[in-house]
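final_25.cif (mmCIF, C-alpha atoms and all ligand atoms)
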data_protein
loop_
_atom_site.group_PDB
_atom_site.id
_atom_site.type_symbol
_atom_site.label_atom_id
_atom_site.label_comp_id
_atom_site.auth_asym_id
_atom_site.auth_seq_id
_atom_site.Cartn_x
_atom_site.Cartn_y
_atom_site.Cartn_z
ATOM 1 C CA MET F 1 7.078 14.618 -3.193
ATOM 2 C CA LYS F 2 4.113 15.142 -5.501
ATOM 3 C CA VAL F 3 0.566 15.521 -4.188
ATOM 4 C CA ILE F 4 -1.997 14.764 -6.892
ATOM 5 C CA VAL F 5 -5.594 15.694 -6.102
ATOM 6 C CA CYS F 6 -8.200 13.778 -8.127
ATOM 7 C CA GLU F 7 -11.934 14.400 -8.208
ATOM 8 C CA ASN F 8 -13.029 11.209 -6.467
ATOM 9 C CA ALA F 9 -11.981 7.666 -5.559
ATOM 10 C CA ALA F 10 -12.638 6.406 -9.106
ATOM 11 C CA ALA F 11 -10.335 9.109 -10.495
ATOM 12 C CA VAL F 12 -7.627 8.129 -7.979
ATOM 13 C CA GLY F 13 -8.015 4.608 -9.386
ATOM 14 C CA ARG F 14 -7.656 5.817 -13.004
ATOM 15 C CA VAL F 15 -4.704 8.122 -12.393
ATOM 16 C CA SER F 16 -2.836 5.562 -10.286
ATOM 17 C CA ALA F 17 -3.528 2.881 -12.953
ATOM 18 C CA ASP F 18 -2.017 5.254 -15.566
ATOM 19 C CA LEU F 19 1.151 5.491 -13.447
ATOM 20 C CA VAL F 20 1.380 1.739 -12.836
ATOM 21 C CA ALA F 21 0.636 0.830 -16.483
ATOM 22 C CA ALA F 22 3.149 3.353 -17.847
ATOM 23 C CA ASP F 23 5.847 2.067 -15.487
ATOM 24 C CA ILE F 24 5.221 -1.586 -16.423
ATOM 25 C CA LYS F 25 5.306 -0.733 -20.148
ATOM 26 C CA ALA F 26 8.435 1.405 -19.814
ATOM 27 C CA LYS F 27 10.520 -1.434 -18.433
ATOM 28 C CA GLU F 28 11.718 -4.184 -20.686
ATOM 29 C CA GLY F 29 11.897 -7.673 -19.212
ATOM 30 C CA LYS F 30 10.797 -8.455 -15.699
ATOM 31 C CA TYR F 31 8.972 -5.953 -13.548
ATOM 32 C CA VAL F 32 8.498 -6.022 -9.778
ATOM 33 C CA LEU F 33 5.285 -4.509 -8.455
ATOM 34 C CA GLY F 34 4.599 -3.887 -4.762
ATOM 35 C CA LEU F 35 0.939 -4.270 -3.840
ATOM 36 C CA ALA F 36 -1.283 -3.102 -1.001
ATOM 37 C CA THR F 37 -4.593 -4.271 0.427
ATOM 38 C CA GLY F 38 -7.501 -2.349 1.987
ATOM 39 C CA SER F 39 -10.512 -0.695 0.386
ATOM 40 C CA THR F 40 -8.545 2.248 -1.073
ATOM 41 C CA PRO F 41 -6.644 0.412 -3.854
ATOM 42 C CA LEU F 42 -9.774 -1.411 -5.108
ATOM 43 C CA PRO F 43 -10.547 1.170 -7.860
ATOM 44 C CA LEU F 44 -6.901 0.866 -9.002
ATOM 45 C CA TYR F 45 -7.204 -2.932 -9.194
ATOM 46 C CA GLY F 46 -10.520 -2.581 -11.057
ATOM 47 C CA GLU F 47 -8.774 -0.358 -13.633
ATOM 48 C CA LEU F 48 -5.819 -2.724 -14.021
ATOM 49 C CA ILE F 49 -8.220 -5.628 -14.605
ATOM 50 C CA ALA F 50 -10.239 -3.611 -17.164
ATOM 51 C CA ARG F 51 -7.075 -2.593 -19.042
ATOM 52 C CA HIS F 52 -5.858 -6.181 -19.047
ATOM 53 C CA ARG F 53 -9.212 -7.403 -20.411
ATOM 54 C CA ALA F 54 -9.097 -4.719 -23.086
ATOM 55 C CA GLY F 55 -5.724 -6.144 -24.177
ATOM 56 C CA GLU F 56 -3.846 -3.006 -23.099
ATOM 57 C CA LEU F 57 -1.873 -4.385 -20.185
ATOM 58 C CA CYS F 58 0.031 -7.634 -19.794
ATOM 59 C CA PHE F 59 1.259 -9.025 -16.471
ATOM 60 C CA ALA F 60 3.237 -11.962 -17.889
ATOM 61 C CA ASN F 61 6.555 -10.382 -16.846
ATOM 62 C CA VAL F 62 5.326 -9.103 -13.488
ATOM 63 C CA THR F 63 6.424 -10.409 -10.092
ATOM 64 C CA SER F 64 4.506 -9.003 -7.126
ATOM 65 C CA PHE F 65 5.241 -8.548 -3.441
ATOM 66 C CA ASN F 66 2.495 -7.628 -1.021
ATOM 67 C CA LEU F 67 3.207 -5.286 1.834
ATOM 68 C CA ASP F 68 1.829 -7.284 4.719
ATOM 69 C CA GLU F 69 -0.358 -10.058 6.129
ATOM 70 C CA TYR F 70 -2.160 -10.599 9.403
ATOM 71 C CA TYR F 71 -0.548 -13.077 11.798
ATOM 72 C CA PRO F 72 -1.768 -15.617 12.494
ATOM 73 C CA ILE F 73 -4.260 -16.099 9.687
ATOM 74 C CA ALA F 74 -4.860 -18.914 7.206
ATOM 75 C CA PRO F 75 -4.381 -17.962 3.536
ATOM 76 C CA ASN F 76 -7.905 -19.190 2.764
ATOM 77 C CA HIS F 77 -9.493 -17.080 5.558
ATOM 78 C CA ASP F 78 -11.798 -14.569 3.847
ATOM 79 C CA GLN F 79 -9.968 -11.669 5.542
ATOM 80 C CA SER F 80 -6.433 -12.819 4.762
ATOM 81 C CA TYR F 81 -4.558 -10.505 2.461
ATOM 82 C CA TYR F 82 -3.645 -13.498 0.307
ATOM 83 C CA TYR F 83 -7.343 -14.175 -0.288
ATOM 84 C CA PHE F 84 -7.999 -10.456 -0.861
ATOM 85 C CA MET F 85 -5.349 -10.272 -3.578
ATOM 86 C CA TRP F 86 -6.551 -13.409 -5.281
ATOM 87 C CA LEU F 87 -10.171 -12.249 -5.215
ATOM 88 C CA ASN F 88 -9.564 -8.635 -6.260
ATOM 89 C CA LEU F 89 -6.658 -8.910 -8.677
ATOM 90 C CA PHE F 90 -4.720 -12.116 -9.261
ATOM 91 C CA ALA F 91 -7.704 -14.212 -10.443
ATOM 92 C CA HIS F 92 -8.505 -11.666 -13.157
ATOM 93 C CA ILE F 93 -5.136 -10.914 -14.779
ATOM 94 C CA ASN F 94 -2.425 -12.992 -16.453
ATOM 95 C CA ILE F 95 0.061 -12.788 -13.587
ATOM 96 C CA CYS F 96 1.794 -16.103 -12.913
ATOM 97 C CA LEU F 97 0.626 -17.153 -9.424
ATOM 98 C CA ARG F 98 4.083 -18.538 -8.667
ATOM 99 C CA ARG F 99 5.417 -14.996 -9.049
ATOM 100 C CA THR F 100 2.985 -13.481 -6.551
ATOM 101 C CA ASN F 101 4.457 -13.140 -3.072
ATOM 102 C CA VAL F 102 2.388 -12.639 0.072
ATOM 103 C CA LEU F 103 3.861 -13.184 3.544
ATOM 104 C CA ASN F 104 2.672 -16.483 5.033
ATOM 105 C CA GLY F 105 0.235 -15.777 7.870
ATOM 106 C CA LEU F 106 0.686 -19.322 9.154
ATOM 107 C CA ALA F 107 4.499 -19.454 9.077
ATOM 108 C CA THR F 108 5.733 -21.628 11.946
ATOM 109 C CA ASP F 109 8.832 -19.464 12.187
ATOM 110 C CA PRO F 110 7.553 -15.949 11.395
ATOM 111 C CA LYS F 111 10.978 -14.315 11.863
ATOM 112 C CA ALA F 112 12.517 -16.658 9.307
ATOM 113 C CA GLU F 113 9.571 -15.981 6.976
ATOM 114 C CA CYS F 114 10.267 -12.220 7.167
ATOM 115 C CA LYS F 115 13.990 -12.694 6.541
ATOM 116 C CA ALA F 116 13.301 -14.936 3.551
ATOM 117 C CA TYR F 117 10.857 -12.321 2.151
ATOM 118 C CA GLU F 118 13.543 -9.631 2.225
ATOM 119 C CA LYS F 119 15.915 -12.024 0.464
ATOM 120 C CA ARG F 120 13.321 -12.757 -2.234
ATOM 121 C CA ILE F 121 12.777 -9.042 -2.890
ATOM 122 C CA LYS F 122 16.538 -8.539 -3.271
ATOM 123 C CA ALA F 123 16.878 -11.605 -5.499
ATOM 124 C CA GLU F 124 14.241 -10.113 -7.825
ATOM 125 C CA GLY F 125 16.265 -6.894 -8.104
ATOM 126 C CA GLY F 126 14.116 -4.801 -5.747
ATOM 127 C CA ILE F 127 10.659 -3.301 -6.159
ATOM 128 C CA ASP F 128 10.100 -1.034 -9.172
ATOM 129 C CA LEU F 129 6.898 0.591 -7.923
ATOM 130 C CA GLN F 130 5.207 0.153 -4.551
ATOM 131 C CA VAL F 131 1.499 0.896 -4.083
ATOM 132 C CA LEU F 132 0.608 2.065 -0.572
ATOM 133 C CA GLY F 133 -2.490 2.963 1.406
ATOM 134 C CA ILE F 134 -2.479 4.807 4.718
ATOM 135 C CA GLY F 135 -4.111 4.079 8.062
ATOM 136 C CA GLY F 136 -6.030 6.693 10.037
ATOM 137 C CA ASN F 137 -3.010 6.924 12.390
ATOM 138 C CA GLY F 138 -0.567 7.426 9.507
ATOM 139 C CA HIS F 139 0.584 3.811 9.302
ATOM 140 C CA ILE F 140 1.837 2.384 6.005
ATOM 141 C CA ALA F 141 1.624 -1.377 5.476
ATOM 142 C CA PHE F 142 1.452 -2.409 9.138
ATOM 143 C CA ASN F 143 4.193 -0.035 10.275
ATOM 144 C CA GLU F 144 2.452 1.461 13.247
ATOM 145 C CA PRO F 145 3.469 4.798 14.840
ATOM 146 C CA GLY F 146 6.950 4.398 16.306
ATOM 147 C CA SER F 147 8.283 2.333 13.370
ATOM 148 C CA GLY F 148 11.736 3.593 12.450
ATOM 149 C CA PRO F 149 13.010 4.564 8.989
ATOM 150 C CA LYS F 150 15.384 1.600 8.932
ATOM 151 C CA SER F 151 12.805 -1.032 9.937
ATOM 152 C CA ARG F 152 12.708 -4.178 7.803
ATOM 153 C CA THR F 153 10.136 -6.921 7.212
ATOM 154 C CA ARG F 154 9.201 -8.197 10.661
ATOM 155 C CA VAL F 155 6.518 -9.335 13.082
ATOM 156 C CA VAL F 156 4.555 -6.338 14.415
ATOM 157 C CA LYS F 157 1.934 -5.857 17.108
ATOM 158 C CA LEU F 158 -1.128 -4.033 15.802
ATOM 159 C CA ASP F 159 -2.318 -0.807 17.413
ATOM 160 C CA GLU F 160 -5.720 -0.927 19.071
ATOM 161 C CA LYS F 161 -6.815 1.858 16.679
ATOM 162 C CA THR F 162 -5.847 -0.225 13.656
ATOM 163 C CA ARG F 163 -7.635 -3.303 15.035
ATOM 164 C CA LYS F 164 -10.705 -1.176 15.700
ATOM 165 C CA ASP F 165 -10.569 0.399 12.202
ATOM 166 C CA ASN F 166 -10.159 -3.026 10.583
ATOM 167 C CA SER F 167 -12.847 -4.727 12.713
ATOM 168 C CA ARG F 168 -15.355 -3.563 10.072
ATOM 169 C CA PHE F 169 -14.029 -6.406 7.910
ATOM 170 C CA PHE F 170 -14.445 -8.908 10.793
ATOM 171 C CA ASN F 171 -18.195 -8.400 11.407
ATOM 172 C CA ASN F 172 -17.284 -5.516 13.748
ATOM 173 C CA LYS F 173 -15.798 -7.989 16.233
ATOM 174 C CA ILE F 174 -12.480 -6.518 17.359
ATOM 175 C CA GLU F 175 -11.663 -9.767 19.191
ATOM 176 C CA ASP F 176 -11.577 -11.531 15.797
ATOM 177 C CA VAL F 177 -8.962 -9.137 14.357
ATOM 178 C CA PRO F 178 -5.515 -10.743 14.713
ATOM 179 C CA THR F 179 -3.271 -9.031 17.263
ATOM 180 C CA HIS F 180 -0.151 -9.220 15.090
ATOM 181 C CA ALA F 181 0.953 -8.988 11.490
ATOM 182 C CA LEU F 182 3.983 -9.574 9.288
ATOM 183 C CA SER F 183 4.905 -6.373 7.514
ATOM 184 C CA MET F 184 7.537 -4.935 5.218
ATOM 185 C CA GLY F 185 9.432 -2.257 7.134
ATOM 186 C CA ILE F 186 9.760 1.425 6.304
ATOM 187 C CA GLY F 187 13.343 0.725 5.165
ATOM 188 C CA THR F 188 12.056 -1.999 2.826
ATOM 189 C CA ILE F 189 9.378 0.305 1.371
ATOM 190 C CA PHE F 190 11.877 3.134 1.042
ATOM 191 C CA GLU F 191 14.058 1.015 -1.243
ATOM 192 C CA ALA F 192 11.287 0.777 -3.871
ATOM 193 C CA ARG F 193 12.286 2.882 -6.886
ATOM 194 C CA LYS F 194 8.876 4.590 -6.904
ATOM 195 C CA ASN F 195 6.181 4.819 -4.240
ATOM 196 C CA ILE F 196 2.577 5.857 -4.798
ATOM 197 C CA LEU F 197 0.343 6.330 -1.762
ATOM 198 C CA LEU F 198 -3.429 6.401 -2.299
ATOM 199 C CA ALA F 199 -5.873 7.949 0.166
ATOM 200 C CA THR F 200 -9.564 8.696 -0.231
ATOM 201 C CA GLY F 201 -12.266 10.081 2.055
ATOM 202 C CA GLY F 202 -12.295 12.813 4.698
ATOM 203 C CA TYR F 203 -11.341 10.308 7.421
ATOM 204 C CA LYS F 204 -7.771 10.173 6.030
ATOM 205 C CA GLY F 205 -7.486 13.990 5.723
ATOM 206 C CA GLU F 206 -5.586 14.619 8.972
ATOM 207 C CA ALA F 207 -3.194 11.716 8.351
ATOM 208 C CA ILE F 208 -2.305 13.324 4.990
ATOM 209 C CA VAL F 209 -1.786 16.748 6.619
ATOM 210 C CA SER F 210 0.689 15.346 9.155
ATOM 211 C CA SER F 211 2.404 13.138 6.549
ATOM 212 C CA VAL F 212 3.015 15.904 4.013
ATOM 213 C CA LEU F 213 3.066 19.222 5.869
ATOM 214 C CA GLU F 214 4.821 18.374 9.119
ATOM 215 C CA PRO F 215 8.457 17.309 9.601
ATOM 216 C CA PRO F 216 9.051 13.563 9.113
ATOM 217 C CA THR F 217 8.698 11.545 12.298
ATOM 218 C CA PRO F 218 8.278 7.847 13.177
ATOM 219 C CA LYS F 219 5.134 8.980 15.059
ATOM 220 C CA VAL F 220 3.519 9.315 11.610
ATOM 221 C CA PRO F 221 5.137 6.530 9.544
ATOM 222 C CA ALA F 222 3.881 7.872 6.169
ATOM 223 C CA SER F 223 5.706 11.171 6.830
ATOM 224 C CA LEU F 224 9.009 9.274 6.518
ATOM 225 C CA LEU F 225 8.278 9.014 2.776
ATOM 226 C CA GLN F 226 8.986 12.750 2.433
ATOM 227 C CA ASP F 227 12.672 11.924 1.963
ATOM 228 C CA HIS F 228 11.999 9.403 -0.821
ATOM 229 C CA PRO F 229 13.278 10.586 -4.240
ATOM 230 C CA ASP F 230 10.193 9.487 -6.217
ATOM 231 C CA VAL F 231 6.956 9.492 -4.255
ATOM 232 C CA ALA F 232 3.448 10.651 -5.147
ATOM 233 C CA PHE F 233 0.408 10.914 -2.869
ATOM 234 C CA LEU F 234 -2.815 10.519 -4.858
ATOM 235 C CA ILE F 235 -5.798 11.772 -2.901
ATOM 236 C CA ASP F 236 -9.408 12.599 -3.671
ATOM 237 C CA THR F 237 -11.070 15.972 -3.020
ATOM 238 C CA ASP F 238 -12.688 14.827 0.259
ATOM 239 C CA CYS F 239 -9.343 13.703 1.609
ATOM 240 C CA ALA F 240 -7.651 16.865 0.267
ATOM 241 C CA LYS F 241 -9.957 19.313 2.092
ATOM 242 C CA ALA F 242 -7.907 19.558 5.301
ATOM 243 C CA PHE F 243 -4.650 19.654 3.321
ATOM 244 C CA LEU F 244 -5.836 22.424 0.951
ATOM 245 C CA ALA F 245 -7.235 24.453 3.846
ATOM 246 C CA LYS F 246 -3.840 24.332 5.617
ATOM 247 C CA THR F 247 -1.852 25.231 2.510
ATOM 248 C CA ASN F 248 -4.174 27.998 1.399
ATOM 249 C CA ASP F 249 -5.025 26.002 -1.746
ATOM 250 C CA GLY F 250 -1.456 24.985 -2.404
ATOM 251 C CA LYS F 251 0.175 28.408 -2.063
ATOM 252 C CA LYS F 252 2.125 27.552 1.092
ATOM 253 C CA LEU F 253 3.664 24.171 0.304
ATOM 254 C CA PRO F 254 6.842 23.013 2.047
ATOM 255 C CA LYS F 255 10.022 22.909 -0.057
ATOM 256 C CA GLY F 256 10.132 19.830 -2.276
ATOM 257 C CA VAL F 257 6.342 19.335 -2.334
ATOM 258 C CA THR F 258 4.453 20.016 -5.571
ATOM 259 C CA LEU F 259 0.706 20.024 -6.042
ATOM 260 C CA GLU F 260 -1.206 18.916 -9.126
ATOM 261 C CA ILE F 261 -4.966 19.045 -9.474
ATOM 262 C CA VAL F 262 -6.334 16.573 -12.014
ATOM 263 C CA GLN F 263 -9.644 17.652 -13.569
HETATM 264 C C1 LIG F 301 -4.544 -1.903 6.636
HETATM 265 C C2 LIG F 301 -3.368 -2.240 5.723
HETATM 266 C C3 LIG F 301 -2.768 -0.998 5.122
HETATM 267 C C4 LIG F 301 -3.853 -0.131 4.536
HETATM 268 C C5 LIG F 301 -4.819 0.290 5.631
HETATM 269 C C6 LIG F 301 -5.914 1.215 5.156
HETATM 270 O O1 LIG F 301 -4.193 -1.582 7.931
HETATM 271 N N1 LIG F 301 -2.349 -2.968 6.390
HETATM 272 O O2 LIG F 301 -1.804 -1.378 4.124
HETATM 273 O O3 LIG F 301 -3.274 0.995 3.926
HETATM 274 O O4 LIG F 301 -5.400 -0.884 6.155
HETATM 275 O O5 LIG F 301 -6.992 0.499 4.630
HETATM 276 P P1 LIG F 301 -8.196 1.135 3.860
HETATM 277 O O6 LIG F 301 -7.673 1.422 2.485
HETATM 278 O O7 LIG F 301 -9.257 0.075 3.839
HETATM 279 O O8 LIG F 301 -8.599 2.356 4.584
#
Show me, as C-alpha cells, the structure contained in the file I just sent.
Ligand code: GLP
Amino acid sequence: MKVIVCENAAAVGRVSADLVAADIKAKEGKYVLGLATGSTPLPLYGELIARHRAGELCFANVTSFNLDEYYPIAPNHDQSYYYFMWLNLFAHINICLRRTNVLNGLATDPKAECKAYEKRIKAEGGIDLQVLGIGGNGHIAFNEPGSGPKSRTRVVKLDEKTRKDNSRFFNNKIEDVPTHALSMGIGTIFEARKNILLATGGYKGEAIVSSVLEPPTPKVPASLLQDHPDVAFLIDTDCAKAFLAKTNDGKKLPKGVTLEIVQ
C-alpha cells in the first residue's frame, strides 16, 4: 500500500488525475473505470474534464461503474449519485452514456439489480482502476462497519453516522436521507486491478490512521484494502496530520506501507 501526501485537495485532484489518465492511456482498447461520488473526488473530476477539453484525454473507450446509489431515490433527484455523476463528469467528457453504469435507485427488485450489476462488471472484464472516497467511520462505497471482505454488490442499511454526515446535502434534514443504499461490496472493490482512495481534510484523519496503521478489520472497511496488491491512498496535509504524528513522520510505517510526499 502506498500513502501519497499532497499539499492540498487540489493537488490530490491533480495527482489522482495523473494516475487515472496514465492508466487509461496505457491500456489499448476498452478501459473500465470505477467511479465514486462525494465532495472528495470533485477536484479529480475537474482535472479530468480540463484534460479532456485540452485534447489530452479521451473517454471514447471508457466504460464506467459507480460504486453505489441511495435506495430508494429517483435518478433525477438532485442528490442521486446518477445525477451527481452526470452533473460533475459525464456531461463534460466524451464518455458514451450507454457505457456509464450506476445502480438503479428505483429498481423494483433491488437484489436482482445488484446481481445484474456484478454480472455486467464481469462481462466487461472487471474494473481496471477504482476510485474511492472514505467515510468518517471508515466506510468505502456504502460498506458500513461490519461489512466483510467477501461482500458483494447488495442492499445495505446506512449507519446513523453516515446519514448524519450526508444530511448536509439534504438541507441538513436527516429524515430526508434515504435509509438504505445499493453498494458494491468489499469483495467487488477488491477485484479491481488498481484502487486509489482519496481523502482530504482533518475530519478524515482518524479514519486514515485506523485504515493504514492498524490491522485490517471489517470494523473499519477501508482497512481491508491493506491486502490489495495495488492500492494507493492519496491524502492532503490536513488529513495526513494524525497519520504523520503516529508514524513519526513516516519513520515507523508498517511492513508493506510506503510513504511519498508530493511537493
Ligand atoms: C458517501 C459515499 C462514499 C464517499 C463518502 C464520503 O457516503 N457513499 O463513497 O466516500 O460519502 O464523502 P465525502 O467525499 O463527501 O466526504
**OP:** Provide the atom CA of F:Lys122 to atom CA of F:Gly185 distance in Å, to one decimal place.
**Re:**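 Distance between the two atoms: 14.1 Å.
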So that each row is one residue of stretch 111-208 of chain F with an atom at most 10 Å from stretch 25-36 of chain F, can you give its shortest atom pair and the distance in Å to one decimal, using all atoms listed in the file, rows by chain and rising number, as a tab-separated table?
residue	atom	partner	partner_atom	distance
F:Ile121	CA	F:Val32	CA	8.7
F:Glu124	CA	F:Val32	CA	7.3
F:Gly125	CA	F:Val32	CA	8.0
F:Gly126	CA	F:Val32	CA	7.0
F:Ile127	CA	F:Val32	CA	5.0
F:Asp128	CA	F:Val32	CA	5.3
F:Leu129	CA	F:Leu33	CA	5.4
F:Gln130	CA	F:Gly34	CA	4.1
F:Val131	CA	F:Leu35	CA	5.2
F:Leu132	CA	F:Ala36	CA	5.5
F:Gly133	CA	F:Ala36	CA	6.6
F:Ile134	CA	F:Ala36	CA	9.8
F:Ile140	CA	F:Ala36	CA	9.4
F:Ala141	CA	F:Ala36	CA	7.3
F:Ile189	CA	F:Gly34	CA	8.8
F:Ala192	CA	F:Gly34	CA	8.2
F:Lys194	CA	F:Gly34	CA	9.7
F:Asn195	CA	F:Gly34	CA	8.9
F:Ile196	CA	F:Gly34	CA	10.0
F:Leu197	CA	F:Ala36	CA	9.6
F:Leu198	CA	F:Ala36	CA	9.8
**OP:** Go through the chains and note each residue within 10 Å of ligand LIG 301 (chain F), using all atoms listed in the file, then give the set as a PyMOL selection string.
**Re:** chain F and resi 35-42+66-70+81+131-144+158-159+161-163+165-166+168-169+181-183+197-201+203-204
Residues of stretch 108-221 of chain F within 7 Å of stretch 240-246 of chain F: nearest atom pair and distance (Å, one decimal) for each, counting all atoms listed in the file, sorted by chain and number, as JSON lines?
{"residue": "F:Gly205", "atom": "CA", "partner": "F:Ala242", "partner_atom": "CA", "distance": 5.6}
{"residue": "F:Glu206", "atom": "CA", "partner": "F:Ala242", "partner_atom": "CA", "distance": 6.6}
{"residue": "F:Ile208", "atom": "CA", "partner": "F:Phe243", "partner_atom": "CA", "distance": 7.0}
{"residue": "F:Val209", "atom": "CA", "partner": "F:Phe243", "partner_atom": "CA", "distance": 5.2}
Original post:
atom CA of F:Leu87 and atom CA of F:Asn104, how far apart in Å?
Top reply: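 Computed distance, atom CA of F:Asn104 to atom CA of F:Leu87, equals 17.0 Å.
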Subject >> Top pick for closest residue to F:Asp176, considering F:His77, F:His52, F:Lys2, F:Lys251 and counting only C-alpha atoms >> reply: F:His77
Subject >> Selection under test: the PyMOL selection byres (((chain F and resi 116) around 12) and not hetatm); residues as an NGL selection string >> reply: :F and (101-104 or 107 or 109-115 or 117-123 or 152-154 or 184)
Original post:
Residues at most 8 Å from F:Pro149, counting all atoms listed in the file, excluding those fewer than 4 positions away in the same chain, as number ranges by chain?
Top reply: F: 185-187, 218, 224
**OP:** Return the single residue from F:Cys239, F:Leu253, F:Val20, F:Ala54 that is closest to F:Cys6, with distances computed using all atoms listed in the file.
**Re:**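 Counting all atoms listed in the file, the residue closest to F:Cys6 is F:Cys239.
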**OP:** Go through F:Ala222, F:Leu44, F:Ala74, F:Ala21 and flag the residue nearest F:Leu57, using all atoms listed in the file for the distances.
**Re:**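 Ranking F:Ala222, F:Leu44, F:Ala74, F:Ala21 by distance to F:Leu57, first place goes to F:Ala21.
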**OP:** State, in Å with one decimal place, the distance from atom CA of F:Gly105 to atom CA of F:Tyr82.
**Re:**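 Calculated distance between atom CA of F:Gly105 and atom CA of F:Tyr82 is 8.8 Å.
Of the listed residues (F:Ala207, F:Ile49, F:Val220, F:Leu225), F:Leu225 comes nearest to F:Glu191; the distances count all atoms listed in the file.
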Care to translate the PyMOL selection byres (((chain F and resi 156) around 6) and not hetatm) into actual residues of this file, as a PDB file with C-alpha atoms, keeping the file's coordinate frame?
ATOM      1  CA  VAL F 155       6.518  -9.335  13.082  1.00  0.00           C
ATOM      2  CA  LYS F 157       1.934  -5.857  17.108  1.00  0.00           C
ATOM      3  CA  HIS F 180      -0.151  -9.220  15.090  1.00  0.00           C
ATOM      4  CA  ALA F 181       0.953  -8.988  11.490  1.00  0.00           C
TER       5      ALA F 181
END
Distance query 10 Å from (-1.7, -12.1, -11.6) using only C-alpha atoms, result as a short mmCIF file (atom, residue, chain, number, x, y, z; two decimals) with C-alpha atoms, keeping the file's coordinate frame:
data_model
loop_
_atom_site.label_atom_id
_atom_site.label_comp_id
_atom_site.auth_asym_id
_atom_site.auth_seq_id
_atom_site.Cartn_x
_atom_site.Cartn_y
_atom_site.Cartn_z
CA ILE F 49 -8.22 -5.63 -14.60
CA CYS F 58 0.03 -7.63 -19.79
CA PHE F 59 1.26 -9.02 -16.47
CA ALA F 60 3.24 -11.96 -17.89
CA ASN F 61 6.56 -10.38 -16.85
CA VAL F 62 5.33 -9.10 -13.49
CA THR F 63 6.42 -10.41 -10.09
CA SER F 64 4.51 -9.00 -7.13
CA MET F 85 -5.35 -10.27 -3.58
CA TRP F 86 -6.55 -13.41 -5.28
CA LEU F 89 -6.66 -8.91 -8.68
CA PHE F 90 -4.72 -12.12 -9.26
CA ALA F 91 -7.70 -14.21 -10.44
CA HIS F 92 -8.51 -11.67 -13.16
CA ILE F 93 -5.14 -10.91 -14.78
CA ASN F 94 -2.42 -12.99 -16.45
CA ILE F 95 0.06 -12.79 -13.59
CA CYS F 96 1.79 -16.10 -12.91
CA LEU F 97 0.63 -17.15 -9.42
CA ARG F 98 4.08 -18.54 -8.67
CA ARG F 99 5.42 -15.00 -9.05
CA THR F 100 2.98 -13.48 -6.55
#
Taking the partial coordinates given, rebuild stretch 105-109 of chain F to contain all heavy atoms; return it as an mmCIF file, keeping the file's coordinate frame.
data_model
loop_
_atom_site.group_PDB
_atom_site.id
_atom_site.type_symbol
_atom_site.label_atom_id
_atom_site.label_comp_id
_atom_site.auth_asym_id
_atom_site.auth_seq_id
_atom_site.Cartn_x
_atom_site.Cartn_y
_atom_site.Cartn_z
ATOM 1 N N GLY F 105 0.859 -16.039 6.569
ATOM 2 C CA GLY F 105 0.235 -15.777 7.870
ATOM 3 C C GLY F 105 0.192 -16.971 8.794
ATOM 4 O O GLY F 105 -0.251 -16.853 9.943
ATOM 5 N N LEU F 106 0.651 -18.127 8.293
ATOM 6 C CA LEU F 106 0.686 -19.322 9.154
ATOM 7 C C LEU F 106 2.120 -19.836 9.328
ATOM 8 O O LEU F 106 2.310 -20.975 9.776
ATOM 9 C CB LEU F 106 -0.170 -20.444 8.556
ATOM 10 C CG LEU F 106 -1.684 -20.319 8.709
ATOM 11 C CD1 LEU F 106 -2.360 -21.587 8.193
ATOM 12 C CD2 LEU F 106 -2.110 -20.063 10.151
ATOM 13 N N ALA F 107 3.108 -18.996 8.982
ATOM 14 C CA ALA F 107 4.499 -19.454 9.077
ATOM 15 C C ALA F 107 4.793 -19.944 10.496
ATOM 16 O O ALA F 107 4.449 -19.260 11.465
ATOM 17 C CB ALA F 107 5.433 -18.300 8.722
ATOM 18 N N THR F 108 5.420 -21.126 10.605
ATOM 19 C CA THR F 108 5.733 -21.628 11.946
ATOM 20 C C THR F 108 6.873 -20.827 12.556
ATOM 21 O O THR F 108 6.950 -20.668 13.771
ATOM 22 C CB THR F 108 6.104 -23.134 11.912
ATOM 23 O OG1 THR F 108 6.944 -23.335 10.793
ATOM 24 C CG2 THR F 108 4.879 -24.009 11.812
ATOM 25 N N ASP F 109 7.751 -20.324 11.694
ATOM 26 C CA ASP F 109 8.832 -19.464 12.187
ATOM 27 C C ASP F 109 8.675 -18.094 11.499
ATOM 28 O O ASP F 109 9.257 -17.835 10.437
ATOM 29 C CB ASP F 109 10.191 -20.110 11.839
ATOM 30 C CG ASP F 109 11.353 -19.316 12.408
ATOM 31 O OD1 ASP F 109 11.150 -18.143 12.806
ATOM 32 O OD2 ASP F 109 12.470 -19.864 12.444
#
